[in-house]
Each structure stands twice: as C-alpha cells, then as structure tokens.
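One structure is given here, and the rest of the page talks about it.
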Amino acid sequence: GQAGLFPLVLVLVPSGARLRLRRPLWKGTVFDIPLVFFLLTAFAATWFAYDREAAWAKWWLIVAGLFAFYALARQPVRNVWAVATSLGCLSTAAAVYFLFTHDWLAYPAKFDGLRALVAPWMALRPGLGLPQLHPNVMASLVALLSPYLVVAAARARRLEQRWLWRAAVIALVVNGGTLLLAASRGAVVALLAAVLLWVVWQAGVSAGRRLDVPPLAISVLLVLAALLLLAPAAGAAGGPLALLDGLPGPASASNRATLAQQTAALIADYPLIGGGLASFPGLYSHYSLVIPHYMLPNGHNIFLDVWLEQGILGLLGLLVVLGGSFWLLARGSQAGRQQADGFGALRWAIASSMLVILVHGLVEDTVYGSVALPVLFAGPGLAVALKPAAPRVAWRRFVPVVAVAAALLFVLPTMRARWHANWGAVQMARVELSGWPTNQWSDGHGAAALAPAESHFRRSLALDPGNRTAHHRLGLAAMARHEYSVAIQHLKRARALDRKHAGIRKALAYSTLWSGDVEAAVPLLAETPGASVEIESYVRWWRTQERADLSRLAQQAARQLDP
C-alpha cells in the first residue's frame with residue numbers, strides 16, 4: 001500500500017533479465033492452476049469488499065506470497081539448503097524485531113511470572129518507534145520458520161561447520177525465549193505437532209524397512225492409531241475444549257469455538273464468491289454482533305477466513321496447494337531414500353512449517369490475516385524446488401468436473417438461489433458498511449440504496465423460499481426503513497431456519513422492541529450478551545434522533561433487563 005509499485009518493479013527485474021538472456025520467462029509448476037484460482041478469487045474479492053483500500057493492501061500481500069512461491073520453486077536443488085537456512089534466519093529476525101519494538105504495557109504478558117522479566121528489559125532497550133508485531137503474528141512466524149533453523153543446525157553439526165552450528169543454536173535459543181514471552185499457546189502446540197509428525201514418520205520409515213512396506217502407509221496407520229487413542233480424551237468431561245482451556249494462561253478455547261460458529265454462519269451468506277478481501281471485521285460486527293464498532297480483525301481460523309473472503313474456489317485452491325505439497329514431500333521421501341539425496345531432514349522441516357500453518361491456523365489466523373501473508377506459500381515453493389518429487393499433473397482432466405459443478409449453479413434452483421443471495425449480501429454490505437466503523441447506530445439514511453440488493457434476495461426466495469440469507473437480509477433492510485412489522489416476518493422465518501445465529505436473534509429482538517412489543521422482545525434480548533448495557537445507549541440515541549417513543553420503549557426494556 002504505502003510503498004506503491006516499487007516492490008513490484010523490483011521483483012520484475014529478474015524477469016527482464018531472463019528476457020534479455022533469451023530464457024523462458026515463465027517456468028510452470030504443478031500448482032499453477034490452484035494458485036490461479038486463489039489469485040483470481042482474491043482479485044475478484046477486492047471488488048466485493050466494502051473497504052477497497054484495505055482489500056487492495058491485502059491483495060498486494062497475496063501477490064507477494066505468489067512471487068515468493070515462484071522464487072522458491074525456481075531455485076536449483078543446489079541452492080535449497082541456503083534458501084531454507086535463510087528462511088530460518090528470518091524467524092530470528094522477527095523475534096529480535098519483536099523484542100525491540102513490542103510494548104508489554106499495551107499487550108501485557110499472559111503469565112504473571114513473565115511480567116517481572118519484561119519490565120527491566122523495556123527500561124533497558126532503546127526506543128525505536130517502529131511499528132509493532134502482534135505477539136501472535138510473531139509467534140506464528142517464529143514457529144513456522146524455526147524448523148528450517150533446526151535442520152540447518154543439525155546439518156552444520158554433521159558437516160562440522162562449527163560457526164554455523166553455534167549461530168543456529170543461539171538463534172534457536174532466542175526464538176524459544178521470544179515464544180515464551182509471547183505466550184502463544186497455539187504456536188507451541190503446533191510446534192509439538194510438528195515434532196510428533198517427525199516421530200511418526202521416523203517410526204514409519206523404520207517399520208517400512210523391516211516389513212518391506214511403503215513408509216507412507218505405515219505412517220498413516222500410526223496417525224490413525226494415535227487418533228483412536230485420543231478419541232476417549234475428546235469424549236471426556238468438557239471434551240477437547242476443556243483440555244485446551246486447561247493449558248497455562250487464560251481460557252479461550254470456548255471463545256474460539258463460538259467465534260468459529262459465528263464465522264461459519266457468515267460464510268453461509270457468502271459461500272460461492274465470498275464477501276470481499278479484508279472484510280471480516282465489518283461483516284462480523286455488523287451482521288453477527290449487530291454493533292457499529294470494530295471488534296476483531298479476523299475469524300482466528302485461516303480456512304474459515306479464506307472461505308468467507310474469497311469463496312469456495314479460493315479455499316479449494318489453498319487446500320490443493322497445501323495438501324499437494326504434503327503429497328510431494330511424502331513421495332520425495334520415498335524416492336530420496338533410494339537416491340540418498342540428503343534432503344530427508346529438510347523435507348521434515350518443510351512439512352513441519354506447513355503443519356504449523358494448519359494447526360495454528362485452526363485457532364489463530366496469523367498468516368492469511370496479517371502482514372505475515374507472504375510466507376503462506378513458502379513451504380509449497382520449497383517442496384516444488386526438490387524437483388525429483390514434482391510430477392506433472394494433467395489438470396485438463398478436471399475441466400469436465402469444474403464445468404459440471406459450474407452448470408449446477410444455473411440448473412439447480414437451490415444453487416441459483418444461493419448465488420443471488422450471495423450477490424445481494426455483497427451489495428448490501430458495500431452500502432451498509434460504507435465508511436465503517438461509524439461507532440454510532442444507523443439512522444436508516446441509506447435504506448433506499450439497498451433496493452438492488454433486495455431485488456436479488458427476492459429472486460433468491462422465488463427460487464428457494466427457505467433461503468435463510470435472503471430472509472435475514474430482507475429483514476435488516478426493512479429495519480433500516482423502520483418497517484418493523486415486515487422485518488419481524490422475515491427475521492422470524494430466518495430464525496426458524498437457524499436458531500443459533502446470534503445476529504438474527506438480536507435483530508429480531510430489536511425489531512420486536514421497536515414495534516412496541518416489549519414483553520416479547522425482552523426474552524430475546526436476555527439471550528444476547530451485553531444487551532442490558534447496550535439498550536441504555538439506545539435510550540440516549542433515540543432521543544438525539546427525536547424519537548421519544550422509541551426511547552421510551554428502550555427504557556422499558558432496560559428496566560426489565562436490569563431492574
């Protein structure tokens with residue numbers, strides 16, 4: 001964003017050199033097609049977004065990630081170790097940057113014992129005045145890049161490169177200490193999962209040699225056995241959420257589960273084409289929480305966030321690249337053992353790095369949802385660079401499948417209804433969230449601009465009368481026009497279709513209240529967290545709008561909610 005086009009010109013210089021030397025400008029990879037889907041859906045999502053400036057900033061981060069992928073995938077095999085070591089050094093650079101810029105007064109340490117350590121350090125270090133990295137973003141970068149440092153240290157020890165081995169060990173100590181100060185439990189659990197992956201793989205290799213069975217098959221069986229052993233723990237009192245909340249630090253697993261449920265409800269409004277890049281904050285606050293304030297930057301889940309912002313094709317592109325990279329590494333391990341190529345440890349590091357993205361991405365979207373996005377495809381790029389494991393994929397075989405799937409959008413009434421609902425939801429968000437966050441309740445001045453979106457919702461209901469998104473959004477449009485009886489009809493229907501949707505329940509509660517039915521509205525408001533405080537602000541708000549009647553209704557509800 002702020003750098004303008006200079007970085008793009010910089011990365012295109014090597015392409016100009018290739019043209020000058022009459023070398024092929026483009027060198028394809030096995031993941032070209034899914035990456036094209038990911039890039040095109042991201043480009044389309046910049047148009048869908050209610051905040052074009054934020055969307056374009058994220059778009060350029062995605063472009064940087066794709067440039068990083070192709071820069072790594074094009075590396076000759078002799079360079080791979082040097083490149084991997086450089087990525088490991090990047091993790092320590094992020095850790096050192098965090099140590100010299102993080103403000104523990106704004107983001108206090110999660111553990112009491114750490115606060116006594118950081119206070120002297122903050123008093124000692126110089127004030128640089130640089131932008132801060134969020135602790136979770138730093139922890140994610142360190143966790144997903146540290147495996148490269150581990151294998152670089154092991155290789156340096158084996159080759160008796162003492163200076164490199166000592167430097168790598170010191171860097172790992174810095175990384176570990178910084179992870180401790182960041183207290184990111186998700187990143188630590190993801191690293192432990194990477195270690196477990198290495199143990200399982202080594203056990204599979206050992207068993208495969210003895211039994212003359214492919215190690216990949218043995219490893220899959222070991223993973224399934226481990227999942228079966230952990231199944232009773234998942235069914236224990238409280239389930240896996242209680243186990244996660246039992247980790248040191250504040251309990252947050254239940255909050256993450258609730259947030260994931262709310263994000264999934266938003267995805268149901270934008271399943272096909274998404275809701276726009278960098279659009280989670282406004283969509284979540286306005287349609288899930290029904291508040292005019294900024295609450296969260298992302299959904300704390302990389303897969304749900306990609307689906308919400310870029311639609312189903314963007315998510316499929318990401319999953320194919322990550323899943324295909326694991327397949328390349330597993331296949332390369334089998335071929336590499338026969339060829340003794342010496343990349344076994346590096347393949348583990350690449351797999352571990354991607355595993356950190358997958359595991360940590362279930363509870364924190366610190367890669368796709370932050371400035372760390374350019375490293376999203378670093379692991380797949382290195383996996384492709386190990387050329388003996390990169391086969392050709394005949395993507396033309398999948399064209400008929402894609403064509404049939406696209407045809408279903410225009411043949412099945414239910415899919416056509418979702419298409420219209422998705423388009424209508426995008427248009428509605430661009431109107432209602434213009435200039436968001438306003439930090440004040442809407443007075444309905446932009447209700448007339450919702451007509452094109454309402455047309456799509458009505459077409460959706462004509463095709464599928466049970467489309468929840470269409471009923472929900474038509475109810476909100478009626479609320480904006482102060483037609484509360486119409487809003488109640490649509491919102492009741494939407495609530496019958498999805499009883500767990502907090503935004504529908506809250507909108508129905510306020511529509512019922514503003515229609516004058518205080519007794520019916522109060523039980524719905526009582527199910528809404530924070531409603532007793534929020535309703536007090538409505539008492540004052542309606543007075544400023546010269547609606548004394550609605551202010552009195554809010555006051556009556558406030559008395560019943562909090563006598």
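Each chain in the structure tokens gets a letter, A, B, ..., in the order shown, and its residues are numbered from 1; ligands are numbered from 1 in order too.
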Give me the residues within 6 Å of segment 294-311 of chain A as a PDB file with N, CA, C and O atoms, in the first residue's frame, counting only C-alpha atoms and dropping any in the same chain fewer than 5 places off.
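Output below, filename around.pdb:
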ATOM      1  N   THR A  41      -9.692 -15.385  -7.417  1.00  0.00           N
ATOM      2  CA  THR A  41     -10.737 -15.145  -6.417  1.00  0.00           C
ATOM      3  C   THR A  41     -10.341 -14.002  -5.489  1.00  0.00           C
ATOM      4  O   THR A  41     -11.210 -13.226  -5.061  1.00  0.00           O
ATOM      5  N   ALA A  42      -9.048 -13.866  -5.197  1.00  0.00           N
ATOM      6  CA  ALA A  42      -8.601 -12.740  -4.382  1.00  0.00           C
ATOM      7  C   ALA A  42      -8.799 -11.422  -5.138  1.00  0.00           C
ATOM      8  O   ALA A  42      -9.216 -10.411  -4.543  1.00  0.00           O
ATOM      9  N   ALA A  45     -12.350 -10.572  -5.081  1.00  0.00           N
ATOM     10  CA  ALA A  45     -12.750 -10.184  -3.728  1.00  0.00           C
ATOM     11  C   ALA A  45     -12.387  -8.742  -3.407  1.00  0.00           C
ATOM     12  O   ALA A  45     -12.957  -8.159  -2.484  1.00  0.00           O
ATOM     13  N   ILE A 267     -20.251 -17.325   6.567  1.00  0.00           N
ATOM     14  CA  ILE A 267     -19.906 -17.994   5.311  1.00  0.00           C
ATOM     15  C   ILE A 267     -21.159 -18.443   4.575  1.00  0.00           C
ATOM     16  O   ILE A 267     -21.209 -18.425   3.336  1.00  0.00           O
ATOM     17  N   PRO A 271     -21.134 -18.088   0.420  1.00  0.00           N
ATOM     18  CA  PRO A 271     -20.421 -19.360   0.216  1.00  0.00           C
ATOM     19  C   PRO A 271     -19.740 -19.479  -1.137  1.00  0.00           C
ATOM     20  O   PRO A 271     -18.725 -20.167  -1.252  1.00  0.00           O
ATOM     21  N   LEU A 272     -20.259 -18.822  -2.165  1.00  0.00           N
ATOM     22  CA  LEU A 272     -19.780 -19.061  -3.528  1.00  0.00           C
ATOM     23  C   LEU A 272     -18.674 -18.092  -3.940  1.00  0.00           C
ATOM     24  O   LEU A 272     -17.615 -18.521  -4.390  1.00  0.00           O
ATOM     25  N   ILE A 273     -18.910 -16.796  -3.777  1.00  0.00           N
ATOM     26  CA  ILE A 273     -17.935 -15.812  -4.260  1.00  0.00           C
ATOM     27  C   ILE A 273     -17.272 -15.054  -3.117  1.00  0.00           C
ATOM     28  O   ILE A 273     -16.377 -14.246  -3.357  1.00  0.00           O
ATOM     29  N   GLY A 274     -17.662 -15.313  -1.885  1.00  0.00           N
ATOM     30  CA  GLY A 274     -17.043 -14.654  -0.748  1.00  0.00           C
ATOM     31  C   GLY A 274     -17.611 -13.270  -0.494  1.00  0.00           C
ATOM     32  O   GLY A 274     -18.437 -12.757  -1.255  1.00  0.00           O
ATOM     33  N   GLY A 275     -17.158 -12.665   0.585  1.00  0.00           N
ATOM     34  CA  GLY A 275     -17.655 -11.356   0.980  1.00  0.00           C
ATOM     35  C   GLY A 275     -16.671 -10.234   0.781  1.00  0.00           C
ATOM     36  O   GLY A 275     -16.968  -9.081   1.113  1.00  0.00           O
ATOM     37  N   GLY A 276     -15.467 -10.527   0.249  1.00  0.00           N
ATOM     38  CA  GLY A 276     -14.502  -9.481  -0.027  1.00  0.00           C
ATOM     39  C   GLY A 276     -13.264  -9.584   0.834  1.00  0.00           C
ATOM     40  O   GLY A 276     -13.339  -9.974   2.005  1.00  0.00           O
ATOM     41  N   LEU A 277     -12.120  -9.230   0.249  1.00  0.00           N
ATOM     42  CA  LEU A 277     -10.862  -9.266   0.994  1.00  0.00           C
ATOM     43  C   LEU A 277     -10.892  -8.278   2.153  1.00  0.00           C
ATOM     44  O   LEU A 277     -11.407  -7.168   2.020  1.00  0.00           O
ATOM     45  N   PHE A 280     -13.726  -9.227   6.978  1.00  0.00           N
ATOM     46  CA  PHE A 280     -14.235  -9.873   8.188  1.00  0.00           C
ATOM     47  C   PHE A 280     -14.633  -8.884   9.278  1.00  0.00           C
ATOM     48  O   PHE A 280     -15.701  -9.044   9.879  1.00  0.00           O
ATOM     49  N   PRO A 281     -13.820  -7.870   9.596  1.00  0.00           N
ATOM     50  CA  PRO A 281     -14.173  -7.005  10.733  1.00  0.00           C
ATOM     51  C   PRO A 281     -15.565  -6.404  10.634  1.00  0.00           C
ATOM     52  O   PRO A 281     -16.358  -6.462  11.588  1.00  0.00           O
ATOM     53  N   GLY A 361      -3.383 -22.394  12.485  1.00  0.00           N
ATOM     54  CA  GLY A 361      -4.442 -21.732  11.744  1.00  0.00           C
ATOM     55  C   GLY A 361      -5.836 -22.112  12.179  1.00  0.00           C
ATOM     56  O   GLY A 361      -6.806 -21.439  11.804  1.00  0.00           O
ATOM     57  N   LEU A 362      -5.976 -23.169  12.972  1.00  0.00           N
ATOM     58  CA  LEU A 362      -7.296 -23.538  13.487  1.00  0.00           C
ATOM     59  C   LEU A 362      -7.753 -22.619  14.603  1.00  0.00           C
ATOM     60  O   LEU A 362      -8.957 -22.507  14.875  1.00  0.00           O
ATOM     61  N   VAL A 363      -6.816 -21.953  15.282  1.00  0.00           N
ATOM     62  CA  VAL A 363      -7.177 -21.088  16.415  1.00  0.00           C
ATOM     63  C   VAL A 363      -6.692 -19.653  16.231  1.00  0.00           C
ATOM     64  O   VAL A 363      -7.133 -18.761  16.955  1.00  0.00           O
ATOM     65  N   GLU A 364      -5.778 -19.403  15.295  1.00  0.00           N
ATOM     66  CA  GLU A 364      -5.269 -18.058  15.048  1.00  0.00           C
ATOM     67  C   GLU A 364      -5.015 -17.892  13.551  1.00  0.00           C
ATOM     68  O   GLU A 364      -4.281 -18.679  12.961  1.00  0.00           O
ATOM     69  N   ASP A 365      -5.605 -16.864  12.946  1.00  0.00           N
ATOM     70  CA  ASP A 365      -5.325 -16.580  11.539  1.00  0.00           C
ATOM     71  C   ASP A 365      -4.218 -15.534  11.479  1.00  0.00           C
ATOM     72  O   ASP A 365      -4.448 -14.372  11.155  1.00  0.00           O
TER      73      ASP A 365
END
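Checking A:Ala264, A:Ala257, A:Ala429, A:Leu164 one by one against His286 of chain A, counting only C-alpha atoms, you find the shortest gap at A:Ala429.
Atom CA of Pro400 of chain A to atom CA of Asp32 of chain A spans 18.1 Å [interatomic distance, one decimal].
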Check: Closest to Leu90 of chain A among A:Ala71, A:Val375, A:Val77, A:Leu228, using only C-alpha atoms?
Finding: A:Val375
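Rounded to one decimal, atom CA of Ala421 of chain A and atom CA of Asp443 of chain A lie 24.5 Å from each other.
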Margin query: Which residues are close to Ser537 of chain A, i.e. within 12 Å by only C-alpha atoms, leaving aside same-chain residues fewer than 5 positions away? Reply as a PyMOL selection string.
Written below: chain A and resi 291+439-441+530-532+542-544+551+554-555+558
Selection from above, N, CA, C and O atoms, as a short mmCIF file (atom, residue, chain, number, x, y, z; two decimals), in the first residue's frame, can you write it?
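To be explicit, this is the file written out as part11.cif:
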data_model
loop_
_atom_site.label_atom_id
_atom_site.label_comp_id
_atom_site.auth_asym_id
_atom_site.auth_seq_id
_atom_site.Cartn_x
_atom_site.Cartn_y
_atom_site.Cartn_z
N ILE A 291 -23.41 -4.52 15.96
CA ILE A 291 -22.87 -3.34 16.62
C ILE A 291 -22.12 -2.50 15.59
O ILE A 291 -21.65 -3.04 14.58
N ASN A 439 -19.18 3.86 14.63
CA ASN A 439 -19.28 3.94 16.09
C ASN A 439 -20.57 4.60 16.56
O ASN A 439 -20.63 5.17 17.66
N GLN A 440 -21.60 4.57 15.73
CA GLN A 440 -22.92 5.03 16.15
C GLN A 440 -23.98 4.24 15.38
O GLN A 440 -23.73 3.77 14.28
N TRP A 441 -25.15 4.12 15.99
CA TRP A 441 -26.21 3.33 15.38
C TRP A 441 -26.68 3.97 14.08
O TRP A 441 -26.64 5.19 13.91
N GLY A 530 -24.55 -8.69 26.86
CA GLY A 530 -24.34 -7.24 26.86
C GLY A 530 -25.53 -6.41 26.49
O GLY A 530 -25.41 -5.18 26.37
N ALA A 531 -26.71 -7.03 26.31
CA ALA A 531 -27.87 -6.26 25.86
C ALA A 531 -28.32 -5.25 26.91
O ALA A 531 -28.81 -4.17 26.57
N SER A 532 -28.17 -5.58 28.20
CA SER A 532 -28.62 -4.67 29.26
C SER A 532 -27.83 -3.36 29.24
O SER A 532 -28.36 -2.30 29.58
N TRP A 542 -32.05 7.34 20.59
CA TRP A 542 -33.35 7.72 20.02
C TRP A 542 -33.77 9.13 20.43
O TRP A 542 -34.50 9.80 19.69
N ARG A 543 -33.28 9.59 21.58
CA ARG A 543 -33.56 10.98 21.96
C ARG A 543 -32.87 11.95 21.00
O ARG A 543 -33.46 12.97 20.60
N THR A 544 -31.64 11.65 20.62
CA THR A 544 -30.94 12.52 19.68
C THR A 544 -31.58 12.48 18.30
O THR A 544 -31.44 13.44 17.53
N SER A 551 -37.38 5.80 22.36
CA SER A 551 -36.54 5.94 23.55
C SER A 551 -37.26 5.39 24.78
O SER A 551 -36.64 4.74 25.63
N ALA A 554 -37.12 1.63 24.71
CA ALA A 554 -35.80 1.16 25.14
C ALA A 554 -35.66 1.26 26.66
O ALA A 554 -35.08 0.38 27.30
N GLN A 555 -36.23 2.31 27.24
CA GLN A 555 -36.14 2.48 28.69
C GLN A 555 -36.94 1.40 29.42
O GLN A 555 -36.51 0.87 30.45
N ALA A 558 -34.96 -1.73 29.28
CA ALA A 558 -33.81 -1.65 30.18
C ALA A 558 -34.20 -1.95 31.61
O ALA A 558 -33.47 -2.63 32.34
#
